[in-house]
$ cat structure36.txt   # compact mmCIF, C-alpha atoms (C1' of nucleotides)
# COMPACT_ATOMS: atom_id res chain seq x y z
CA MET A 28 40.22 -25.33 5.27
CA VAL A 29 39.63 -28.93 6.08
CA ARG A 30 37.32 -30.66 3.69
CA THR A 31 35.24 -33.28 5.41
CA SER A 32 31.84 -33.16 3.83
CA ALA A 33 30.97 -33.26 0.20
CA PRO A 34 29.68 -30.57 -2.06
CA ARG A 35 26.02 -31.39 -2.44
CA ALA A 36 24.97 -34.06 -4.87
CA GLN A 37 28.52 -34.92 -5.79
CA GLU A 38 30.04 -38.35 -5.50
CA GLY A 39 33.37 -39.80 -4.54
CA THR A 40 35.17 -40.81 -1.36
CA PHE A 41 34.31 -38.64 1.59
CA PHE A 42 34.49 -38.76 5.30
CA CYS A 43 31.30 -40.16 6.65
CA LEU A 44 30.49 -37.46 9.13
CA GLY A 45 28.22 -35.07 7.46
CA HIS A 46 25.89 -34.85 4.55
CA LEU A 47 23.18 -37.20 3.58
CA GLU A 48 23.90 -36.79 -0.08
CA ILE A 49 27.31 -38.38 0.03
CA THR A 50 25.81 -41.65 1.08
CA MET A 51 23.93 -42.22 -2.12
CA ASP A 52 26.56 -44.27 -3.85
CA PHE A 53 27.80 -45.94 -0.70
CA PRO A 54 25.04 -48.06 0.79
CA GLU A 55 27.29 -48.96 3.69
CA HIS A 56 27.40 -45.30 4.65
CA THR A 57 24.08 -44.90 6.31
CA VAL A 58 23.48 -41.75 8.26
CA ALA A 59 22.01 -43.11 11.43
CA GLY A 60 24.53 -45.92 11.58
CA CYS A 61 27.37 -43.89 10.10
CA ARG A 62 30.19 -46.38 9.87
CA GLY A 63 32.72 -43.69 10.59
CA ARG A 64 31.20 -43.31 14.01
CA GLU A 65 31.53 -46.97 14.85
CA ILE A 66 35.19 -46.67 15.58
CA LEU A 67 34.47 -43.83 17.97
CA GLU A 68 31.95 -45.97 19.73
CA ARG A 69 34.63 -48.62 19.95
CA ILE A 70 37.48 -46.59 21.39
CA GLY A 71 35.34 -43.75 22.66
CA ASP A 72 33.85 -45.80 25.43
CA LYS A 73 35.13 -45.68 28.93
CA TRP A 74 37.83 -48.35 28.83
CA SER A 75 38.69 -49.59 25.34
CA LEU A 76 41.45 -47.15 24.61
CA GLN A 77 43.17 -47.86 27.89
CA VAL A 78 43.07 -51.57 27.16
CA ILE A 79 44.42 -51.04 23.66
CA ALA A 80 47.17 -48.78 24.93
CA LEU A 81 48.30 -51.28 27.54
CA LEU A 82 48.26 -54.15 25.07
CA GLY A 83 50.23 -52.00 22.64
CA ASP A 84 52.98 -52.30 25.17
CA ARG A 85 52.86 -56.06 25.58
CA THR A 86 50.65 -59.09 25.95
CA LEU A 87 48.81 -59.13 29.25
CA ARG A 88 46.67 -61.54 31.22
CA PHE A 89 43.18 -60.75 32.38
CA THR A 90 44.22 -60.04 35.93
CA GLU A 91 47.16 -57.97 34.84
CA LEU A 92 44.89 -55.74 32.81
CA LYS A 93 42.52 -55.47 35.72
CA ARG A 94 45.36 -54.45 37.98
CA GLU A 95 46.73 -51.88 35.56
CA ILE A 96 43.44 -50.19 34.84
CA GLU A 97 42.51 -48.33 37.96
CA GLY A 98 38.84 -48.50 38.74
CA ILE A 99 37.60 -50.96 36.13
CA SER A 100 35.22 -53.64 37.29
CA GLN A 101 35.68 -57.27 36.38
CA ARG A 102 32.48 -57.15 34.42
CA MET A 103 33.42 -54.12 32.35
CA LEU A 104 36.86 -55.52 31.58
CA THR A 105 35.24 -58.68 30.28
CA VAL A 106 32.68 -56.75 28.25
CA THR A 107 35.35 -54.46 26.82
CA LEU A 108 37.66 -57.31 25.89
CA ARG A 109 34.87 -59.27 24.24
CA GLY A 110 33.97 -56.30 22.11
CA LEU A 111 37.55 -55.72 21.07
CA GLU A 112 38.00 -59.39 20.32
CA ARG A 113 34.86 -59.49 18.23
CA ASP A 114 36.07 -56.55 16.18
CA GLY A 115 39.43 -58.15 15.58
CA ILE A 116 41.33 -55.62 17.67
CA VAL A 117 42.64 -58.06 20.24
CA THR A 118 43.25 -61.78 20.38
CA ARG A 119 42.26 -63.98 23.28
CA THR A 120 44.42 -67.01 23.97
CA VAL A 121 43.27 -69.57 26.49
CA TYR A 122 45.82 -71.95 27.97
CA PRO A 123 44.21 -75.17 29.16
CA VAL A 124 45.99 -75.19 32.48
CA VAL A 125 44.79 -75.00 36.00
CA PRO A 126 44.36 -72.40 37.25
CA PRO A 127 43.27 -70.97 33.90
CA ARG A 128 45.47 -68.55 32.03
CA VAL A 129 44.19 -66.20 29.33
CA ASP A 130 46.43 -63.90 27.36
CA TYR A 131 45.27 -60.84 25.51
CA ALA A 132 47.27 -59.20 22.75
CA LEU A 133 46.78 -56.66 20.01
CA THR A 134 46.21 -57.93 16.51
CA PRO A 135 48.09 -56.21 13.68
CA MET A 136 44.92 -54.25 13.01
CA GLY A 137 44.75 -53.33 16.66
CA THR A 138 48.27 -51.96 16.48
CA THR A 139 47.38 -49.72 13.57
CA LEU A 140 44.34 -48.52 15.46
CA LEU A 141 46.49 -47.62 18.41
CA GLU A 142 48.82 -45.68 16.16
CA ALA A 143 45.88 -43.75 14.77
CA ALA A 144 44.48 -43.11 18.22
CA ILE A 145 47.80 -41.83 19.47
CA THR A 146 47.44 -38.94 17.06
CA LEU A 147 44.45 -37.80 19.06
CA VAL A 148 46.04 -38.37 22.42
CA THR A 149 49.05 -36.38 21.30
CA TRP A 150 46.77 -33.58 20.21
CA ALA A 151 45.08 -33.65 23.58
CA GLU A 152 48.38 -33.55 25.45
CA SER A 153 49.51 -30.51 23.54
CA HIS A 154 46.26 -28.58 23.82
CA LEU A 155 45.15 -29.28 27.36
CA SER A 156 46.42 -25.99 28.73
CA GLU A 157 44.73 -24.12 25.90
CA ILE A 158 41.49 -25.93 26.63
CA ASP A 159 41.79 -25.15 30.31
CA ALA A 160 42.31 -21.50 29.51
CA ALA A 161 39.29 -21.48 27.22
CA ARG A 162 37.18 -23.06 29.92
CA ALA A 163 38.31 -20.62 32.55
CA ALA A 164 37.54 -17.72 30.24
CA TYR A 165 34.15 -19.13 29.39
CA ASP A 166 33.25 -19.78 33.00
CA ALA A 167 34.32 -16.27 33.90
CA ARG A 168 32.04 -14.86 31.21
CA THR A 169 29.21 -17.12 32.30
CA PRO A 170 29.25 -17.39 36.08
CA THR A 171 27.08 -20.23 37.33
CA PRO A 172 23.68 -18.70 38.09
CA ALA A 173 23.53 -18.70 41.88
CA PRO A 174 21.15 -21.51 42.93
CA VAL A 175 18.59 -19.28 44.65
CA THR A 176 20.49 -17.93 47.63
CA SER A 177 19.82 -14.28 47.01
CA ASN A 178 16.40 -13.82 48.57
CA MET B 15 55.94 -52.07 19.09
CA VAL B 16 54.07 -49.01 20.14
CA ARG B 17 55.19 -47.60 23.43
CA THR B 18 52.34 -46.01 25.28
CA SER B 19 52.90 -46.72 28.92
CA ALA B 20 55.97 -46.07 30.96
CA PRO B 21 58.46 -48.49 32.39
CA ARG B 22 57.64 -48.54 36.04
CA ALA B 23 58.89 -45.79 38.29
CA GLN B 24 60.47 -43.88 35.45
CA GLU B 25 59.69 -40.31 34.58
CA GLY B 26 59.31 -38.31 31.42
CA THR B 27 56.56 -37.54 28.94
CA PHE B 28 54.19 -40.41 28.38
CA PHE B 29 50.77 -40.97 27.02
CA CYS B 30 48.32 -40.74 29.81
CA LEU B 31 46.52 -43.97 29.25
CA GLY B 32 48.09 -46.51 31.46
CA HIS B 33 50.19 -46.72 34.53
CA LEU B 34 49.72 -44.99 37.80
CA GLU B 35 53.41 -44.48 38.28
CA ILE B 36 53.84 -42.09 35.39
CA THR B 37 51.57 -39.61 37.03
CA MET B 38 53.86 -38.93 39.93
CA ASP B 39 55.67 -36.02 38.42
CA PHE B 40 52.67 -34.75 36.52
CA PRO B 41 49.96 -33.67 38.95
CA GLU B 42 47.69 -32.84 36.07
CA HIS B 43 47.79 -36.46 35.03
CA THR B 44 45.46 -37.99 37.52
CA VAL B 45 44.29 -41.50 36.90
CA ALA B 46 40.60 -41.18 37.41
CA GLY B 47 40.42 -37.91 35.52
CA CYS B 48 43.11 -38.84 33.00
CA ARG B 49 43.46 -35.70 30.92
CA GLY B 50 44.17 -37.75 27.83
CA ARG B 51 40.69 -39.15 28.09
CA GLU B 52 39.04 -35.74 28.20
CA ILE B 53 39.41 -35.25 24.52
CA LEU B 54 37.75 -38.58 23.89
CA GLU B 55 34.89 -37.56 26.06
CA ARG B 56 34.72 -34.39 24.02
CA ILE B 57 34.64 -35.86 20.52
CA GLY B 58 33.64 -39.34 21.59
CA ASP B 59 30.14 -38.29 22.48
CA LYS B 60 27.27 -38.76 20.16
CA TRP B 61 27.39 -35.53 18.17
CA SER B 62 30.53 -33.45 18.69
CA LEU B 63 32.58 -34.92 15.90
CA GLN B 64 29.80 -34.44 13.39
CA VAL B 65 29.47 -30.82 14.41
CA ILE B 66 33.22 -30.29 14.16
CA ALA B 67 33.35 -31.98 10.79
CA LEU B 68 30.57 -29.83 9.38
CA LEU B 69 32.11 -26.64 10.72
CA GLY B 70 35.44 -27.71 9.26
CA ASP B 71 33.77 -27.20 5.95
CA ARG B 72 32.38 -23.75 6.62
CA THR B 73 30.63 -21.52 9.12
CA LEU B 74 27.08 -22.59 9.80
CA ARG B 75 24.04 -21.25 11.59
CA PHE B 76 22.25 -23.12 14.32
CA THR B 77 19.41 -24.21 12.12
CA GLU B 78 21.76 -25.23 9.33
CA LEU B 79 23.61 -27.51 11.69
CA LYS B 80 20.35 -28.92 12.92
CA ARG B 81 19.26 -29.64 9.38
CA GLU B 82 22.56 -31.24 8.39
CA ILE B 83 22.80 -33.54 11.39
CA GLU B 84 20.16 -36.16 10.92
CA GLY B 85 18.42 -37.09 14.14
CA ILE B 86 19.87 -34.55 16.55
CA SER B 87 17.46 -32.83 18.90
CA GLN B 88 17.48 -29.11 19.42
CA ARG B 89 18.49 -29.63 22.99
CA MET B 90 21.46 -31.85 22.21
CA LEU B 91 22.70 -29.52 19.51
CA THR B 92 22.65 -26.67 22.01
CA VAL B 93 24.36 -28.75 24.67
CA THR B 94 27.00 -29.98 22.23
CA LEU B 95 27.72 -26.51 20.89
CA ARG B 96 28.00 -25.03 24.38
CA GLY B 97 30.51 -27.68 25.34
CA LEU B 98 32.58 -27.12 22.24
CA GLU B 99 32.42 -23.37 22.74
CA ARG B 100 33.52 -23.68 26.35
CA ASP B 101 36.51 -25.76 25.31
CA GLY B 102 37.53 -23.25 22.69
CA ILE B 103 36.77 -25.58 19.80
CA VAL B 104 34.07 -23.43 18.21
CA THR B 105 33.13 -19.77 18.28
CA ARG B 106 29.60 -18.52 18.69
CA THR B 107 28.71 -15.24 17.03
CA VAL B 108 25.38 -13.61 17.77
CA TYR B 109 24.06 -11.00 15.37
CA PRO B 110 21.66 -8.62 17.11
CA VAL B 111 19.03 -8.80 14.40
CA VAL B 112 15.51 -9.99 14.39
CA PRO B 113 14.91 -12.80 13.92
CA PRO B 114 18.13 -13.75 15.69
CA ARG B 115 21.07 -15.10 13.78
CA VAL B 116 23.87 -17.11 15.38
CA ASP B 117 26.91 -18.33 13.50
CA TYR B 118 29.15 -21.15 14.60
CA ALA B 119 32.66 -21.65 13.32
CA LEU B 120 35.75 -23.66 14.17
CA THR B 121 38.52 -21.93 16.05
CA PRO B 122 42.10 -22.52 14.89
CA MET B 123 42.40 -25.07 17.69
CA GLY B 124 39.20 -26.70 16.51
CA THR B 125 40.66 -27.05 13.06
CA THR B 126 43.72 -28.82 14.39
CA LEU B 127 41.46 -31.11 16.39
CA LEU B 128 39.53 -31.97 13.28
CA GLU B 129 42.75 -32.78 11.48
CA ALA B 130 43.78 -35.09 14.30
CA ALA B 131 40.37 -36.73 14.37
CA ILE B 132 40.42 -37.32 10.64
CA THR B 133 43.29 -39.71 11.21
CA LEU B 134 40.94 -41.94 13.13
CA VAL B 135 38.09 -41.59 10.67
CA THR B 136 40.44 -42.50 7.87
CA TRP B 137 41.57 -45.54 9.80
CA ALA B 138 37.97 -46.53 10.29
CA GLU B 139 37.14 -46.13 6.62
CA SER B 140 39.99 -48.35 5.59
CA HIS B 141 39.36 -51.06 8.15
CA LEU B 142 35.60 -51.36 8.18
CA SER B 143 35.51 -54.41 5.95
CA GLU B 144 38.16 -56.08 8.06
CA ILE B 145 36.15 -55.34 11.17
CA ASP B 146 33.00 -56.70 9.58
CA ALA B 147 34.83 -59.87 8.65
CA ALA B 148 36.16 -60.24 12.18
CA ARG B 149 32.67 -59.79 13.58
CA ALA B 150 31.16 -62.30 11.22
CA ALA B 151 33.86 -64.81 12.11
CA TYR B 152 33.39 -64.20 15.81
CA ASP B 153 29.63 -64.50 15.61
CA ALA B 154 29.97 -67.72 13.64
CA ARG B 155 32.25 -69.15 16.32
CA THR B 156 29.94 -67.95 19.06
CA PRO B 157 26.35 -68.36 17.89
CA THR B 158 23.95 -66.47 20.08
CA PRO B 159 22.71 -68.93 22.66
CA ALA B 160 19.14 -69.58 21.61
CA PRO B 161 16.87 -67.61 23.96
CA VAL B 162 15.03 -70.68 25.28
CA THR B 163 13.05 -71.75 22.25
CA SER B 164 14.25 -75.33 22.23
CA ASN B 165 11.92 -76.94 24.75
C1' DC C 5 15.22 -18.17 14.76
C1' DC C 6 17.45 -19.67 18.64
C1' DG C 7 17.30 -21.11 22.24
C1' DT C 8 15.89 -22.59 27.69
C1' DA C 9 12.98 -25.53 31.05
C1' DT C 10 10.97 -29.89 32.35
C1' DC C 11 9.85 -34.40 32.17
C1' DC C 12 10.88 -39.01 31.06
C1' DT C 13 13.25 -43.21 29.49
C1' DG C 14 16.96 -46.56 28.23
C1' DC C 15 21.23 -47.97 28.74
C1' DG C 16 26.11 -47.81 30.49
C1' DA C 17 28.28 -49.37 34.11
C1' DG C 18 29.21 -50.41 39.31
C1' DA C 19 28.45 -53.83 43.19
C1' DT C 20 27.95 -58.22 44.50
C1' DA C 21 27.60 -63.11 44.38
C1' DC C 22 28.44 -67.42 42.26
C1' DT C 23 31.06 -71.21 38.98
C1' DG C 24 34.61 -74.17 36.08
C1' DC D 19 42.27 -67.22 37.70
C1' DA D 20 38.93 -65.84 34.73
C1' DG D 21 35.12 -65.35 34.08
C1' DT D 22 29.23 -65.31 34.09
C1' DA D 23 24.67 -63.79 36.34
C1' DT D 24 21.68 -60.35 38.57
C1' DC D 25 20.43 -56.29 40.53
C1' DT D 26 20.60 -51.61 40.73
C1' DC D 27 21.29 -46.65 39.77
C1' DG D 28 22.82 -42.36 37.51
C1' DC D 29 22.68 -39.78 33.79
C1' DA D 30 23.05 -38.99 28.68
C1' DG D 31 19.92 -37.80 25.74
C1' DG D 32 14.94 -37.68 23.41
C1' DA D 33 10.21 -35.34 23.42
C1' DT D 34 7.72 -31.59 24.31
C1' DA D 35 6.39 -26.98 25.61
C1' DC D 36 7.42 -22.32 26.22
C1' DG D 37 10.14 -17.65 25.92
C1' DG D 38 13.01 -13.45 23.91
$ encode --input "structure36.txt" --output "structure tokens"
Amino acid sequence: MVRTSAPRAQEGTFFCLGHLEITMDFPEHTVAGCRGREILERIGDKWSLQVIALLGDRTLRFTELKREIEGISQRMLTVTLRGLERDGIVTRTVYPVVPPRVDYALTPMGTTLLEAAITLVTWAESHLSEIDAARAAYDARTPTPAPVTSN
Amino acid sequence: MVRTSAPRAQEGTFFCLGHLEITMDFPEHTVAGCRGREILERIGDKWSLQVIALLGDRTLRFTELKREIEGISQRMLTVTLRGLERDGIVTRTVYPVVPPRVDYALTPMGTTLLEAAITLVTWAESHLSEIDAARAAYDARTPTPAPVTSN
DNA sequence: CCGTATCCTGCGAGATACTG
DNA sequence: CAGTATCTCGCAGGATACGG
């Protein structure tokens, strides 16, 4: 059994994913703005994890990132990088040359985040076939209700 | 150094987060629909992880989940649970009684997913203050451009 | 109690055009 | 090269009402 939420009205250090009660002694653990969820909002968005993964490999320039990440728009790459920079996940280094050159790299904290995230990716890799099987079984049990072609 | 993307034009088992080239010998690793991202879309959404965390604790009924998860709508709880059920993360057990009773529980696979996800939550817990500091520093460096109140 | 069925809204995110 | 500035649109997700 994995213990993630607290027995009611108890205190201590818990994962901030469940009960209201556990937040009493930890003002920073609000329910609506559950801090534990913030990291998911950070790497759970469409592009952040890909950026982090690429930078885990090596420092990259803006255009290099754009080229590596299939389908990302210039705007979203900028937005993503700014968010990661603000959170201290990546560093942004501007070289005052012309044409401009900007390097992005993982901070030490960013590296540890990547290591933590890899746990999940690894899990995904090793369970994809099982998930596919579950989906197929589910869809077989619950055939899509024919969109009104039977009359 | 964390190695997440492949040296170009090489083959083997890599994390599906970066290069195009690594997908050549793994048809299931498409770029747009990167399978590694699917799990993030699963637990990265607004409610799934909270549901998983609560069920990691113990089996819960629909209404119990609704009560525990502050702010979730009936609709989104249903949608979330259906998705998790389809992926084989949770089981749904209907008792033919009146009024109806439906129990939700983690599958073995769901439990392993929770364990993997906890890695990230733990990381978040232990880096929140560092992130806050980074944000404060960033915001100090980059004060919000006054929204035209200076004329 | 445990859902579906609609309607509606805000925001994530793409496309495009323009600058230092 | 490395961005900002707009405009636009789809859809995740909330509110509400009803059904078995």
$ atom_distance --input "structure36.txt" --atom1 "atom CA of A:Leu76" --atom2 "atom CA of B:Glu144"
19.1 Å
$ residues_around --input "structure36.txt" --residues "B:Arg149" --least-positions-apart "3" --cutoff "8 Å" --atoms "all atoms listed in the file" --output "list in words"
Arg113, Asp114 and Gly115 of chain A; Ile145, Asp146, Tyr152 and Asp153 of chain B
$ interface_residues --input "structure36.txt" --of "chain A" --to "chain C" --cutoff "10 Å" --atoms "all atoms listed in the file" --output "mmCIF file with C-alpha atoms, in the coordinates of the input"
data_model
loop_
_atom_site.group_PDB
_atom_site.id
_atom_site.type_symbol
_atom_site.label_atom_id
_atom_site.label_comp_id
_atom_site.auth_asym_id
_atom_site.auth_seq_id
_atom_site.Cartn_x
_atom_site.Cartn_y
_atom_site.Cartn_z
ATOM 1 C CA ASP A 72 33.850 -45.800 25.430
ATOM 2 C CA LYS A 73 35.130 -45.680 28.930
ATOM 3 C CA GLY A 98 38.840 -48.500 38.740
ATOM 4 C CA ILE A 99 37.600 -50.960 36.130
ATOM 5 C CA SER A 100 35.220 -53.640 37.290
ATOM 6 C CA GLN A 101 35.680 -57.270 36.380
ATOM 7 C CA ARG A 102 32.480 -57.150 34.420
ATOM 8 C CA MET A 103 33.420 -54.120 32.350
ATOM 9 C CA PRO A 126 44.360 -72.400 37.250
ATOM 10 C CA PRO A 127 43.270 -70.970 33.900
#
$ interface_residues --input "structure36.txt" --of "chain D" --to "chain A" --cutoff "9 Å" --atoms "only C-alpha atoms (C1' of nucleotides)" --output "count of residues only"
4
$ atom_distance --input "structure36.txt" --atom1 "atom CA of B:Leu134" --atom2 "atom CA of A:Ala144"
6.3 Å
$ residues_around --input "structure36.txt" --residues "B:Leu69" --least-positions-apart "3" --cutoff "9 Å" --atoms "all atoms listed in the file" --output "PyMOL selection string"
chain B and resi 64-66+72-74+79+104+118-120+125
$ closest_residue --input "structure36.txt" --among "B:Arg56, B:Leu68, B:Thr94, B:Pro110" --to "chain A" --atoms "all atoms listed in the file"
B:Leu68
$ closest_residue --input "structure36.txt" --among "A:Thr169, A:Trp74, A:Glu91, A:Leu67" --to "chain B" --atoms "only C-alpha atoms"
A:Leu67
$ atom_distance --input "structure36.txt" --atom1 "atom CA of A:Gly83" --atom2 "atom CA of B:Ala147"
22.2 Å
$ closest_residue --input "structure36.txt" --among "B:Gly124, B:Ala154, B:Gly97, B:Thr133" --to "chain A" --atoms "all atoms listed in the file"
B:Thr133
$ build_atoms --input "structure36.txt" --residues "stretch 116-126 of chain B" --atoms "all heavy atoms" --output "PDB file, in the coordinates of the input"
ATOM      1  N   VAL B 116      22.690 -16.687  14.643  1.00  0.00           N
ATOM      2  CA  VAL B 116      23.870 -17.110  15.380  1.00  0.00           C
ATOM      3  C   VAL B 116      24.737 -17.982  14.483  1.00  0.00           C
ATOM      4  O   VAL B 116      24.275 -18.978  13.937  1.00  0.00           O
ATOM      5  CB  VAL B 116      23.492 -17.904  16.649  1.00  0.00           C
ATOM      6  CG1 VAL B 116      24.740 -18.303  17.412  1.00  0.00           C
ATOM      7  CG2 VAL B 116      22.553 -17.091  17.524  1.00  0.00           C
ATOM      8  N   ASP B 117      25.988 -17.566  14.331  1.00  0.00           N
ATOM      9  CA  ASP B 117      26.910 -18.330  13.500  1.00  0.00           C
ATOM     10  C   ASP B 117      27.887 -19.120  14.352  1.00  0.00           C
ATOM     11  O   ASP B 117      28.383 -18.623  15.365  1.00  0.00           O
ATOM     12  CB  ASP B 117      27.710 -17.373  12.593  1.00  0.00           C
ATOM     13  CG  ASP B 117      26.939 -16.987  11.355  1.00  0.00           C
ATOM     14  OD1 ASP B 117      25.779 -17.429  11.216  1.00  0.00           O
ATOM     15  OD2 ASP B 117      27.487 -16.247  10.525  1.00  0.00           O
ATOM     16  N   TYR B 118      28.151 -20.326  13.934  1.00  0.00           N
ATOM     17  CA  TYR B 118      29.150 -21.150  14.600  1.00  0.00           C
ATOM     18  C   TYR B 118      30.279 -21.447  13.634  1.00  0.00           C
ATOM     19  O   TYR B 118      30.036 -21.723  12.457  1.00  0.00           O
ATOM     20  CB  TYR B 118      28.523 -22.455  15.087  1.00  0.00           C
ATOM     21  CG  TYR B 118      27.555 -22.254  16.234  1.00  0.00           C
ATOM     22  CD1 TYR B 118      26.193 -22.100  15.995  1.00  0.00           C
ATOM     23  CD2 TYR B 118      28.009 -22.195  17.546  1.00  0.00           C
ATOM     24  CE1 TYR B 118      25.302 -21.894  17.048  1.00  0.00           C
ATOM     25  CE2 TYR B 118      27.134 -21.993  18.600  1.00  0.00           C
ATOM     26  CZ  TYR B 118      25.774 -21.849  18.343  1.00  0.00           C
ATOM     27  OH  TYR B 118      24.904 -21.646  19.379  1.00  0.00           O
ATOM     28  N   ALA B 119      31.500 -21.381  14.162  1.00  0.00           N
ATOM     29  CA  ALA B 119      32.660 -21.650  13.320  1.00  0.00           C
ATOM     30  C   ALA B 119      33.740 -22.341  14.141  1.00  0.00           C
ATOM     31  O   ALA B 119      33.750 -22.241  15.374  1.00  0.00           O
ATOM     32  CB  ALA B 119      33.199 -20.347  12.732  1.00  0.00           C
ATOM     33  N   LEU B 120      34.623 -23.039  13.481  1.00  0.00           N
ATOM     34  CA  LEU B 120      35.750 -23.660  14.170  1.00  0.00           C
ATOM     35  C   LEU B 120      36.778 -22.602  14.531  1.00  0.00           C
ATOM     36  O   LEU B 120      37.045 -21.693  13.753  1.00  0.00           O
ATOM     37  CB  LEU B 120      36.418 -24.707  13.283  1.00  0.00           C
ATOM     38  CG  LEU B 120      35.833 -26.108  13.211  1.00  0.00           C
ATOM     39  CD1 LEU B 120      36.846 -27.042  12.544  1.00  0.00           C
ATOM     40  CD2 LEU B 120      35.442 -26.626  14.573  1.00  0.00           C
ATOM     41  N   THR B 121      37.357 -22.741  15.705  1.00  0.00           N
ATOM     42  CA  THR B 121      38.520 -21.930  16.050  1.00  0.00           C
ATOM     43  C   THR B 121      39.739 -22.573  15.395  1.00  0.00           C
ATOM     44  O   THR B 121      39.655 -23.689  14.894  1.00  0.00           O
ATOM     45  CB  THR B 121      38.737 -21.914  17.564  1.00  0.00           C
ATOM     46  OG1 THR B 121      38.981 -23.252  17.999  1.00  0.00           O
ATOM     47  CG2 THR B 121      37.513 -21.367  18.288  1.00  0.00           C
ATOM     48  N   PRO B 122      40.872 -21.885  15.398  1.00  0.00           N
ATOM     49  CA  PRO B 122      42.100 -22.520  14.890  1.00  0.00           C
ATOM     50  C   PRO B 122      42.372 -23.840  15.625  1.00  0.00           C
ATOM     51  O   PRO B 122      42.695 -24.844  14.995  1.00  0.00           O
ATOM     52  CB  PRO B 122      43.188 -21.473  15.205  1.00  0.00           C
ATOM     53  CG  PRO B 122      42.455 -20.175  15.173  1.00  0.00           C
ATOM     54  CD  PRO B 122      41.083 -20.462  15.711  1.00  0.00           C
ATOM     55  N   MET B 123      42.184 -23.833  16.931  1.00  0.00           N
ATOM     56  CA  MET B 123      42.400 -25.070  17.690  1.00  0.00           C
ATOM     57  C   MET B 123      41.414 -26.145  17.237  1.00  0.00           C
ATOM     58  O   MET B 123      41.770 -27.312  17.112  1.00  0.00           O
ATOM     59  CB  MET B 123      42.230 -24.817  19.195  1.00  0.00           C
ATOM     60  CG  MET B 123      42.380 -26.089  20.018  1.00  0.00           C
ATOM     61  SD  MET B 123      42.636 -25.822  21.779  1.00  0.00           S
ATOM     62  CE  MET B 123      41.088 -25.097  22.269  1.00  0.00           C
ATOM     63  N   GLY B 124      40.191 -25.739  16.981  1.00  0.00           N
ATOM     64  CA  GLY B 124      39.200 -26.700  16.510  1.00  0.00           C
ATOM     65  C   GLY B 124      39.609 -27.326  15.190  1.00  0.00           C
ATOM     66  O   GLY B 124      39.397 -28.524  14.965  1.00  0.00           O
ATOM     67  N   THR B 125      40.207 -26.526  14.345  1.00  0.00           N
ATOM     68  CA  THR B 125      40.660 -27.050  13.060  1.00  0.00           C
ATOM     69  C   THR B 125      41.746 -28.094  13.237  1.00  0.00           C
ATOM     70  O   THR B 125      41.726 -29.142  12.586  1.00  0.00           O
ATOM     71  CB  THR B 125      41.199 -25.890  12.182  1.00  0.00           C
ATOM     72  OG1 THR B 125      40.164 -24.916  12.013  1.00  0.00           O
ATOM     73  CG2 THR B 125      41.629 -26.400  10.823  1.00  0.00           C
ATOM     74  N   THR B 126      42.663 -27.830  14.155  1.00  0.00           N
ATOM     75  CA  THR B 126      43.720 -28.820  14.390  1.00  0.00           C
ATOM     76  C   THR B 126      43.138 -30.095  14.997  1.00  0.00           C
ATOM     77  O   THR B 126      43.598 -31.198  14.706  1.00  0.00           O
ATOM     78  CB  THR B 126      44.817 -28.272  15.323  1.00  0.00           C
ATOM     79  OG1 THR B 126      44.268 -28.044  16.631  1.00  0.00           O
ATOM     80  CG2 THR B 126      45.397 -26.982  14.789  1.00  0.00           C
TER      81      THR B 126
END
